[in-house]
file structure_35.pdb (PDB, C-alpha atoms and all ligand atoms)
ATOM      1  CA  MET A   1      72.489 111.370 152.602  1.00  0.00           C
ATOM      2  CA  ALA A   2      69.439 109.517 151.403  1.00  0.00           C
ATOM      3  CA  LEU A   3      68.608 105.926 152.120  1.00  0.00           C
ATOM      4  CA  ARG A   4      66.507 103.812 149.792  1.00  0.00           C
ATOM      5  CA  GLN A   5      64.310 100.973 150.924  1.00  0.00           C
ATOM      6  CA  ILE A   6      65.923  97.590 150.295  1.00  0.00           C
ATOM      7  CA  ARG A   7      63.618  95.100 148.589  1.00  0.00           C
ATOM      8  CA  THR A   8      63.676  91.643 150.121  1.00  0.00           C
ATOM      9  CA  ILE A   9      63.243  88.115 148.822  1.00  0.00           C
ATOM     10  CA  GLY A  10      59.685  87.478 147.669  1.00  0.00           C
ATOM     11  CA  ASP A  11      59.517  90.870 145.944  1.00  0.00           C
ATOM     12  CA  ASP A  12      59.087  90.135 142.200  1.00  0.00           C
ATOM     13  CA  ILE A  13      61.395  92.961 141.208  1.00  0.00           C
ATOM     14  CA  LEU A  14      64.378  90.915 142.404  1.00  0.00           C
ATOM     15  CA  ASN A  15      63.653  88.288 139.724  1.00  0.00           C
ATOM     16  CA  LYS A  16      63.489  90.684 136.780  1.00  0.00           C
ATOM     17  CA  LYS A  17      66.211  91.469 134.266  1.00  0.00           C
ATOM     18  CA  CYS A  18      67.568  95.009 134.287  1.00  0.00           C
ATOM     19  CA  LYS A  19      67.993  97.407 131.375  1.00  0.00           C
ATOM     20  CA  ASP A  20      71.206  99.106 130.281  1.00  0.00           C
ATOM     21  CA  VAL A  21      71.844 102.725 131.199  1.00  0.00           C
ATOM     22  CA  LYS A  22      72.085 104.754 127.981  1.00  0.00           C
ATOM     23  CA  GLU A  23      73.128 108.135 129.380  1.00  0.00           C
ATOM     24  CA  MET A  24      74.135 109.651 132.689  1.00  0.00           C
ATOM     25  CA  THR A  25      71.468 111.924 134.140  1.00  0.00           C
ATOM     26  CA  PRO A  26      71.114 113.800 137.430  1.00  0.00           C
ATOM     27  CA  ARG A  27      68.572 111.179 138.519  1.00  0.00           C
ATOM     28  CA  ILE A  28      71.018 108.355 137.934  1.00  0.00           C
ATOM     29  CA  ARG A  29      73.795 110.236 139.763  1.00  0.00           C
ATOM     30  CA  GLU A  30      71.435 110.644 142.691  1.00  0.00           C
ATOM     31  CA  LEU A  31      70.517 106.945 142.537  1.00  0.00           C
ATOM     32  CA  ILE A  32      74.203 105.943 142.674  1.00  0.00           C
ATOM     33  CA  SER A  33      74.844 108.271 145.600  1.00  0.00           C
ATOM     34  CA  ASP A  34      71.794 106.891 147.442  1.00  0.00           C
ATOM     35  CA  MET A  35      72.910 103.325 146.689  1.00  0.00           C
ATOM     36  CA  PHE A  36      76.251 103.993 148.403  1.00  0.00           C
ATOM     37  CA  ASP A  37      74.487 105.599 151.378  1.00  0.00           C
ATOM     38  CA  THR A  38      72.191 102.583 151.636  1.00  0.00           C
ATOM     39  CA  LEU A  39      75.094 100.129 151.244  1.00  0.00           C
ATOM     40  CA  TYR A  40      77.182 101.727 153.994  1.00  0.00           C
ATOM     41  CA  ASP A  41      74.188 102.175 156.288  1.00  0.00           C
ATOM     42  CA  SER A  42      73.514  98.420 155.993  1.00  0.00           C
ATOM     43  CA  ASN A  43      77.190  97.428 156.412  1.00  0.00           C
ATOM     44  CA  GLY A  44      77.044  95.613 153.070  1.00  0.00           C
ATOM     45  CA  VAL A  45      79.792  95.124 150.496  1.00  0.00           C
ATOM     46  CA  GLY A  46      77.671  95.394 147.362  1.00  0.00           C
ATOM     47  CA  LEU A  47      74.272  96.572 146.200  1.00  0.00           C
ATOM     48  CA  ALA A  48      72.524  96.285 142.835  1.00  0.00           C
ATOM     49  CA  ALA A  49      69.904  98.762 141.590  1.00  0.00           C
ATOM     50  CA  PRO A  50      67.011  96.236 141.558  1.00  0.00           C
ATOM     51  CA  GLN A  51      67.542  95.815 145.307  1.00  0.00           C
ATOM     52  CA  VAL A  52      66.322  99.383 145.691  1.00  0.00           C
ATOM     53  CA  GLY A  53      63.534  98.854 143.152  1.00  0.00           C
ATOM     54  CA  ILE A  54      65.227 100.216 140.023  1.00  0.00           C
ATOM     55  CA  LEU A  55      65.567  97.872 137.032  1.00  0.00           C
ATOM     56  CA  LYS A  56      68.784  99.354 135.670  1.00  0.00           C
ATOM     57  CA  ASN A  57      72.163  97.731 135.175  1.00  0.00           C
ATOM     58  CA  ILE A  58      73.965  99.533 138.004  1.00  0.00           C
ATOM     59  CA  VAL A  59      75.987  98.016 140.831  1.00  0.00           C
ATOM     60  CA  VAL A  60      77.932  99.600 143.676  1.00  0.00           C
ATOM     61  CA  ILE A  61      80.634  97.624 145.460  1.00  0.00           C
ATOM     62  CA  ASP A  62      82.939  98.391 148.361  1.00  0.00           C
ATOM     63  CA  CYS A  63      84.827  95.410 149.731  1.00  0.00           C
ATOM     64  CA  GLY A  64      87.090  97.668 151.750  1.00  0.00           C
ATOM     65  CA  ASP A  65      89.533  98.584 148.981  1.00  0.00           C
ATOM     66  CA  ASP A  66      87.770 101.338 147.027  1.00  0.00           C
ATOM     67  CA  PRO A  67      84.193 102.176 146.149  1.00  0.00           C
ATOM     68  CA  HIS A  68      83.339 100.910 142.657  1.00  0.00           C
ATOM     69  CA  VAL A  69      80.400 101.921 140.456  1.00  0.00           C
ATOM     70  CA  LEU A  70      79.731  99.469 137.649  1.00  0.00           C
ATOM     71  CA  ILE A  71      77.277 100.603 134.963  1.00  0.00           C
ATOM     72  CA  ASN A  72      76.158  97.981 132.406  1.00  0.00           C
ATOM     73  CA  PRO A  73      78.707  95.476 133.754  1.00  0.00           C
ATOM     74  CA  LYS A  74      79.659  92.348 131.810  1.00  0.00           C
ATOM     75  CA  ILE A  75      81.837  89.628 133.265  1.00  0.00           C
ATOM     76  CA  VAL A  76      84.360  88.800 130.551  1.00  0.00           C
ATOM     77  CA  GLU A  77      86.690  86.402 132.322  1.00  0.00           C
ATOM     78  CA  THR A  78      86.589  84.087 135.324  1.00  0.00           C
ATOM     79  CA  SER A  79      88.918  81.435 136.662  1.00  0.00           C
ATOM     80  CA  GLY A  80      89.404  79.168 139.627  1.00  0.00           C
ATOM     81  CA  GLU A  81      86.897  78.387 142.313  1.00  0.00           C
ATOM     82  CA  GLN A  82      86.156  79.409 145.886  1.00  0.00           C
ATOM     83  CA  THR A  83      83.529  78.071 148.256  1.00  0.00           C
ATOM     84  CA  GLY A  84      82.532  80.283 151.125  1.00  0.00           C
ATOM     85  CA  SER A  85      79.720  81.826 153.057  1.00  0.00           C
ATOM     86  CA  GLU A  86      77.607  84.438 151.333  1.00  0.00           C
ATOM     87  CA  GLY A  87      74.764  86.702 152.333  1.00  0.00           C
ATOM     88  CA  CYS A  88      72.649  89.400 150.732  1.00  0.00           C
ATOM     89  CA  LEU A  89      70.951  92.557 151.991  1.00  0.00           C
ATOM     90  CA  SER A  90      67.794  91.310 150.246  1.00  0.00           C
ATOM     91  CA  VAL A  91      67.846  88.082 152.264  1.00  0.00           C
ATOM     92  CA  PRO A  92      68.225  89.550 155.751  1.00  0.00           C
ATOM     93  CA  GLY A  93      69.512  87.450 158.615  1.00  0.00           C
ATOM     94  CA  LYS A  94      70.623  84.526 156.450  1.00  0.00           C
ATOM     95  CA  PHE A  95      73.788  83.091 154.950  1.00  0.00           C
ATOM     96  CA  GLY A  96      74.772  80.054 152.933  1.00  0.00           C
ATOM     97  CA  MET A  97      77.716  78.371 151.236  1.00  0.00           C
ATOM     98  CA  VAL A  98      78.175  79.299 147.584  1.00  0.00           C
ATOM     99  CA  THR A  99      80.864  78.306 145.082  1.00  0.00           C
ATOM    100  CA  ARG A 100      82.038  81.146 142.849  1.00  0.00           C
ATOM    101  CA  PRO A 101      85.022  81.798 140.598  1.00  0.00           C
ATOM    102  CA  ASN A 102      88.101  82.875 142.554  1.00  0.00           C
ATOM    103  CA  TYR A 103      88.910  85.471 139.901  1.00  0.00           C
ATOM    104  CA  ALA A 104      86.595  87.663 137.846  1.00  0.00           C
ATOM    105  CA  LYS A 105      87.192  90.436 135.358  1.00  0.00           C
ATOM    106  CA  VAL A 106      84.336  92.784 134.552  1.00  0.00           C
ATOM    107  CA  VAL A 107      84.015  95.507 131.930  1.00  0.00           C
ATOM    108  CA  PHE A 108      81.581  98.355 132.503  1.00  0.00           C
ATOM    109  CA  LEU A 109      81.002 102.095 132.150  1.00  0.00           C
ATOM    110  CA  ASP A 110      82.098 104.379 134.958  1.00  0.00           C
ATOM    111  CA  GLU A 111      80.104 107.327 136.337  1.00  0.00           C
ATOM    112  CA  ASN A 112      81.262 109.426 133.374  1.00  0.00           C
ATOM    113  CA  MET A 113      80.050 106.686 130.997  1.00  0.00           C
ATOM    114  CA  GLN A 114      83.636 105.869 130.085  1.00  0.00           C
ATOM    115  CA  PRO A 115      84.608 102.240 129.450  1.00  0.00           C
ATOM    116  CA  SER A 116      86.484 100.748 132.365  1.00  0.00           C
ATOM    117  CA  GLU A 117      87.403  97.376 133.816  1.00  0.00           C
ATOM    118  CA  LEU A 118      87.958  95.811 137.206  1.00  0.00           C
ATOM    119  CA  GLU A 119      89.655  92.588 138.188  1.00  0.00           C
ATOM    120  CA  GLY A 120      89.082  90.929 141.522  1.00  0.00           C
ATOM    121  CA  THR A 121      89.971  87.809 143.436  1.00  0.00           C
ATOM    122  CA  GLU A 122      88.473  86.231 146.544  1.00  0.00           C
ATOM    123  CA  LEU A 123      85.877  88.541 148.184  1.00  0.00           C
ATOM    124  CA  LEU A 124      85.883  91.076 145.337  1.00  0.00           C
ATOM    125  CA  ALA A 125      85.409  88.325 142.714  1.00  0.00           C
ATOM    126  CA  ARG A 126      82.576  86.846 144.802  1.00  0.00           C
ATOM    127  CA  CYS A 127      80.975  90.249 145.146  1.00  0.00           C
ATOM    128  CA  ILE A 128      81.221  91.072 141.424  1.00  0.00           C
ATOM    129  CA  CYS A 129      79.560  87.747 140.505  1.00  0.00           C
ATOM    130  CA  HIS A 130      76.858  88.100 143.191  1.00  0.00           C
ATOM    131  CA  GLU A 131      75.945  91.652 142.138  1.00  0.00           C
ATOM    132  CA  VAL A 132      75.944  90.933 138.394  1.00  0.00           C
ATOM    133  CA  ASP A 133      73.611  87.982 139.132  1.00  0.00           C
ATOM    134  CA  HIS A 134      71.164  90.469 140.706  1.00  0.00           C
ATOM    135  CA  LEU A 135      70.991  92.368 137.401  1.00  0.00           C
ATOM    136  CA  GLU A 136      69.912  89.126 135.699  1.00  0.00           C
ATOM    137  CA  GLY A 137      67.223  88.556 138.312  1.00  0.00           C
ATOM    138  CA  HIS A 138      69.103  85.919 140.309  1.00  0.00           C
ATOM    139  CA  LEU A 139      69.661  85.652 144.058  1.00  0.00           C
ATOM    140  CA  TYR A 140      72.470  83.680 145.702  1.00  0.00           C
ATOM    141  CA  VAL A 141      69.927  81.435 147.445  1.00  0.00           C
ATOM    142  CA  GLU A 142      69.487  79.624 144.084  1.00  0.00           C
ATOM    143  CA  LYS A 143      73.150  78.574 144.304  1.00  0.00           C
ATOM    144  CA  VAL A 144      73.417  77.708 147.979  1.00  0.00           C
ATOM    145  CA  GLU A 145      74.955  74.332 148.738  1.00  0.00           C
ATOM    146  CA  GLY A 146      73.136  72.669 151.583  1.00  0.00           C
ATOM    147  CA  GLU A 147      70.869  74.742 153.776  1.00  0.00           C
ATOM    148  CA  LEU A 148      70.381  78.430 154.168  1.00  0.00           C
ATOM    149  CA  HIS A 149      71.411  79.281 157.729  1.00  0.00           C
ATOM    150  CA  ASP A 150      70.217  81.923 160.159  1.00  0.00           C
ATOM    151  CA  ASN A 151      72.828  84.430 161.271  1.00  0.00           C
ATOM    152  CA  ASP A 152      71.995  83.687 164.906  1.00  0.00           C
ATOM    153  CA  GLU A 153      73.092  80.042 164.379  1.00  0.00           C
ATOM    154  CA  LEU A 154      76.537  81.467 163.689  1.00  0.00           C
ATOM    155  CA  GLU A 155      76.486  83.472 166.900  1.00  0.00           C
ATOM    156  CA  GLU A 156      75.551  80.347 168.876  1.00  0.00           C
ATOM    157  CA  GLU A 157      78.540  78.501 167.431  1.00  0.00           C
ATOM    158  CA  GLU A 158      80.967  81.245 168.370  1.00  0.00           C
TER
HETATM  159 NI    NI B 201      72.763  90.554 147.084  1.00  0.00          NI
END
call {"tool": "encode", "arguments": {"input": "structure_35.pdb", "output": "structure tokens", "more": "lines below"}}
Ligand code: NI
result
Amino acid sequence: MALRQIRTIGDDILNKKCKDVKEMTPRIRELISDMFDTLYDSNGVGLAAPQVGILKNIVVIDCGDDPHVLINPKIVETSGEQTGSEGCLSVPGKFGMVTRPNYAKVVFLDENMQPSELEGTELLARCICHEVDHLEGHLYVEKVEGELHDNDELEEEE
């Protein structure tokens, strides 16, 4: 198990566009494995390669169903709308309300560089959209409706 350092808001790398992966290599396999380790260690549901300082189009997602690796993902279909609270491992201690599609379909290459697709609704759709935004250099804070809140505000309310 190897953890990578998570880059946080203010780090320029989070605003850069990523490049496509052209071939699977041992280094990229190791990166994907480390991304999952880092994701689970942080109790997150998704992590994009630029968040660990690598400008490649790679995302790992685990919303509690199955672990998904999306290489060179492209969202090809969305529908509906959901508004809910969203956070990001690169914006620690914060959350905000974001409107996303309620359904998203994404095409990508799997770990064997074979074409694959994934459809999601609700949390999975939100996560797919959030992570693909990272690859384009965008953070959810750009889309927050109203204020960004501190996680401890939530604890006070409860
Ligand atoms: Ni994020």
call {"tool": "closest_residue", "arguments": {"input": "structure_35.pdb", "among": "A:Gly120, A:Gly80, A:Pro73, A:Pro50", "to": "ligand NI 201 (chain B)", "atoms": "all atoms listed in the file"}}
result
A:Pro50
call {"tool": "closest_residue", "arguments": {"input": "structure_35.pdb", "among": "A:Met1, A:Cys18, A:Met24, A:Leu47", "to": "ligand NI 201 (chain B)", "atoms": "all atoms listed in the file"}}
result
A:Leu47
call {"tool": "resolve_selection", "arguments": {"input": "structure_35.pdb", "expression": "the PyMOL selection byres (((chain A and resi 19) around 8) and not hetatm)", "output": "JSON, numbers by chain"}}
result
{"A": [17, 18, 20, 21, 55, 56, 57]}
call {"tool": "residues_near_ligand", "arguments": {"input": "structure_35.pdb", "ligand": "ligand NI 201 (chain B)", "cutoff": "8 Å", "atoms": "only C-alpha atoms and all ligand atoms", "output": "JSON, numbers by chain"}}
result
{"A": [46, 47, 48, 51, 87, 88, 89, 90, 91, 130, 131, 134, 139, 140]}
call {"tool": "axis_aligned_box", "arguments": {"input": "structure_35.pdb", "around": "range 77-86 of chain A", "padding_each_side": "4 Å", "output": "AutoDock Vina command-line options"}}
result
--center_x 83.5 --center_y 82.2 --center_z 142.7 --size_x 19.8 --size_y 16.3 --size_z 28.7
call {"tool": "closest_residue", "arguments": {"input": "structure_35.pdb", "among": "A:Ala2, A:Ala125, A:Leu109, A:Leu31", "to": "Gly53 in chain A", "atoms": "all atoms listed in the file"}}
result
A:Leu31
call {"tool": "atom_distance", "arguments": {"input": "structure_35.pdb", "atom1": "CA of Glu145 in chain A", "atom2": "CA of Thr99 in chain A"}}
result
8.0 Å
call {"tool": "atom_distance", "arguments": {"input": "structure_35.pdb", "atom1": "CA of Ile71 in chain A", "atom2": "CA of Asp34 in chain A"}}
result
15.0 Å
call {"tool": "atom_distance", "arguments": {"input": "structure_35.pdb", "atom1": "CA of His68 in chain A", "atom2": "CA of Glu142 in chain A"}}
result
25.4 Å
call {"tool": "resolve_selection", "arguments": {"input": "structure_35.pdb", "expression": "the PyMOL selection byres (((chain A and resi 63) around 12) and not hetatm)", "output": "ChimeraX atom specification"}}
result
/A:39-40,43-47,60-62,64-68,120-128
call {"tool": "build_atoms", "arguments": {"input": "structure_35.pdb", "residues": "range 103-130 of chain A", "atoms": "N, CA and C atoms", "output": "PDB file, in the frame of the given file"}}
result
ATOM      1  N   TYR A 103      88.453  84.274 140.621  1.00  0.00           N
ATOM      2  CA  TYR A 103      88.910  85.471 139.901  1.00  0.00           C
ATOM      3  C   TYR A 103      87.809  85.870 138.934  1.00  0.00           C
ATOM      4  N   ALA A 104      87.555  87.173 138.838  1.00  0.00           N
ATOM      5  CA  ALA A 104      86.595  87.663 137.846  1.00  0.00           C
ATOM      6  C   ALA A 104      87.087  88.992 137.296  1.00  0.00           C
ATOM      7  N   LYS A 105      86.880  89.152 136.004  1.00  0.00           N
ATOM      8  CA  LYS A 105      87.192  90.436 135.358  1.00  0.00           C
ATOM      9  C   LYS A 105      85.896  90.946 134.750  1.00  0.00           C
ATOM     10  N   VAL A 106      85.595  92.203 135.015  1.00  0.00           N
ATOM     11  CA  VAL A 106      84.336  92.784 134.552  1.00  0.00           C
ATOM     12  C   VAL A 106      84.620  94.071 133.780  1.00  0.00           C
ATOM     13  N   VAL A 107      83.932  94.248 132.664  1.00  0.00           N
ATOM     14  CA  VAL A 107      84.015  95.507 131.930  1.00  0.00           C
ATOM     15  C   VAL A 107      82.697  96.253 132.145  1.00  0.00           C
ATOM     16  N   PHE A 108      82.765  97.558 132.157  1.00  0.00           N
ATOM     17  CA  PHE A 108      81.581  98.355 132.503  1.00  0.00           C
ATOM     18  C   PHE A 108      81.828  99.803 132.101  1.00  0.00           C
ATOM     19  N   LEU A 109      80.838 100.655 132.315  1.00  0.00           N
ATOM     20  CA  LEU A 109      81.002 102.095 132.150  1.00  0.00           C
ATOM     21  C   LEU A 109      81.109 102.712 133.540  1.00  0.00           C
ATOM     22  N   ASP A 110      81.981 103.702 133.671  1.00  0.00           N
ATOM     23  CA  ASP A 110      82.098 104.379 134.958  1.00  0.00           C
ATOM     24  C   ASP A 110      81.052 105.499 135.052  1.00  0.00           C
ATOM     25  N   GLU A 111      81.117 106.286 136.118  1.00  0.00           N
ATOM     26  CA  GLU A 111      80.104 107.327 136.337  1.00  0.00           C
ATOM     27  C   GLU A 111      80.101 108.407 135.252  1.00  0.00           C
ATOM     28  N   ASN A 112      81.204 108.485 134.506  1.00  0.00           N
ATOM     29  CA  ASN A 112      81.262 109.426 133.374  1.00  0.00           C
ATOM     30  C   ASN A 112      80.953 108.732 132.053  1.00  0.00           C
ATOM     31  N   MET A 113      80.421 107.507 132.154  1.00  0.00           N
ATOM     32  CA  MET A 113      80.050 106.686 130.997  1.00  0.00           C
ATOM     33  C   MET A 113      81.266 106.360 130.124  1.00  0.00           C
ATOM     34  N   GLN A 114      82.423 106.271 130.793  1.00  0.00           N
ATOM     35  CA  GLN A 114      83.636 105.869 130.085  1.00  0.00           C
ATOM     36  C   GLN A 114      83.896 104.380 130.338  1.00  0.00           C
ATOM     37  N   PRO A 115      84.329 103.664 129.275  1.00  0.00           N
ATOM     38  CA  PRO A 115      84.608 102.240 129.450  1.00  0.00           C
ATOM     39  C   PRO A 115      85.719 102.019 130.483  1.00  0.00           C
ATOM     40  N   SER A 116      85.515 101.032 131.325  1.00  0.00           N
ATOM     41  CA  SER A 116      86.484 100.748 132.365  1.00  0.00           C
ATOM     42  C   SER A 116      86.467  99.255 132.644  1.00  0.00           C
ATOM     43  N   GLU A 117      87.406  98.787 133.437  1.00  0.00           N
ATOM     44  CA  GLU A 117      87.403  97.376 133.816  1.00  0.00           C
ATOM     45  C   GLU A 117      87.932  97.214 135.220  1.00  0.00           C
ATOM     46  N   LEU A 118      87.556  96.103 135.829  1.00  0.00           N
ATOM     47  CA  LEU A 118      87.958  95.811 137.206  1.00  0.00           C
ATOM     48  C   LEU A 118      88.222  94.316 137.294  1.00  0.00           C
ATOM     49  N   GLU A 119      89.339  93.993 137.934  1.00  0.00           N
ATOM     50  CA  GLU A 119      89.655  92.588 138.188  1.00  0.00           C
ATOM     51  C   GLU A 119      89.600  92.362 139.682  1.00  0.00           C
ATOM     52  N   GLY A 120      89.105  91.227 140.093  1.00  0.00           N
ATOM     53  CA  GLY A 120      89.082  90.929 141.522  1.00  0.00           C
ATOM     54  C   GLY A 120      89.317  89.462 141.782  1.00  0.00           C
ATOM     55  N   THR A 121      89.845  89.189 142.967  1.00  0.00           N
ATOM     56  CA  THR A 121      89.971  87.809 143.436  1.00  0.00           C
ATOM     57  C   THR A 121      89.261  87.725 144.776  1.00  0.00           C
ATOM     58  N   GLU A 122      89.056  86.498 145.234  1.00  0.00           N
ATOM     59  CA  GLU A 122      88.473  86.231 146.544  1.00  0.00           C
ATOM     60  C   GLU A 122      87.180  87.034 146.778  1.00  0.00           C
ATOM     61  N   LEU A 123      87.139  87.857 147.849  1.00  0.00           N
ATOM     62  CA  LEU A 123      85.877  88.541 148.184  1.00  0.00           C
ATOM     63  C   LEU A 123      85.392  89.447 147.046  1.00  0.00           C
ATOM     64  N   LEU A 124      86.310  90.165 146.413  1.00  0.00           N
ATOM     65  CA  LEU A 124      85.883  91.076 145.337  1.00  0.00           C
ATOM     66  C   LEU A 124      85.306  90.287 144.161  1.00  0.00           C
ATOM     67  N   ALA A 125      85.932  89.167 143.805  1.00  0.00           N
ATOM     68  CA  ALA A 125      85.409  88.325 142.714  1.00  0.00           C
ATOM     69  C   ALA A 125      84.023  87.801 143.077  1.00  0.00           C
ATOM     70  N   ARG A 126      83.868  87.345 144.324  1.00  0.00           N
ATOM     71  CA  ARG A 126      82.576  86.846 144.802  1.00  0.00           C
ATOM     72  C   ARG A 126      81.519  87.939 144.703  1.00  0.00           C
ATOM     73  N   CYS A 127      81.909  89.127 145.127  1.00  0.00           N
ATOM     74  CA  CYS A 127      80.975  90.249 145.146  1.00  0.00           C
ATOM     75  C   CYS A 127      80.564  90.664 143.726  1.00  0.00           C
ATOM     76  N   ILE A 128      81.525  90.721 142.819  1.00  0.00           N
ATOM     77  CA  ILE A 128      81.221  91.072 141.424  1.00  0.00           C
ATOM     78  C   ILE A 128      80.199  90.076 140.862  1.00  0.00           C
ATOM     79  N   CYS A 129      80.454  88.783 141.053  1.00  0.00           N
ATOM     80  CA  CYS A 129      79.560  87.747 140.505  1.00  0.00           C
ATOM     81  C   CYS A 129      78.171  87.828 141.140  1.00  0.00           C
ATOM     82  N   HIS A 130      78.135  88.011 142.465  1.00  0.00           N
ATOM     83  CA  HIS A 130      76.858  88.100 143.191  1.00  0.00           C
ATOM     84  C   HIS A 130      76.030  89.283 142.683  1.00  0.00           C
TER      85      HIS A 130
END
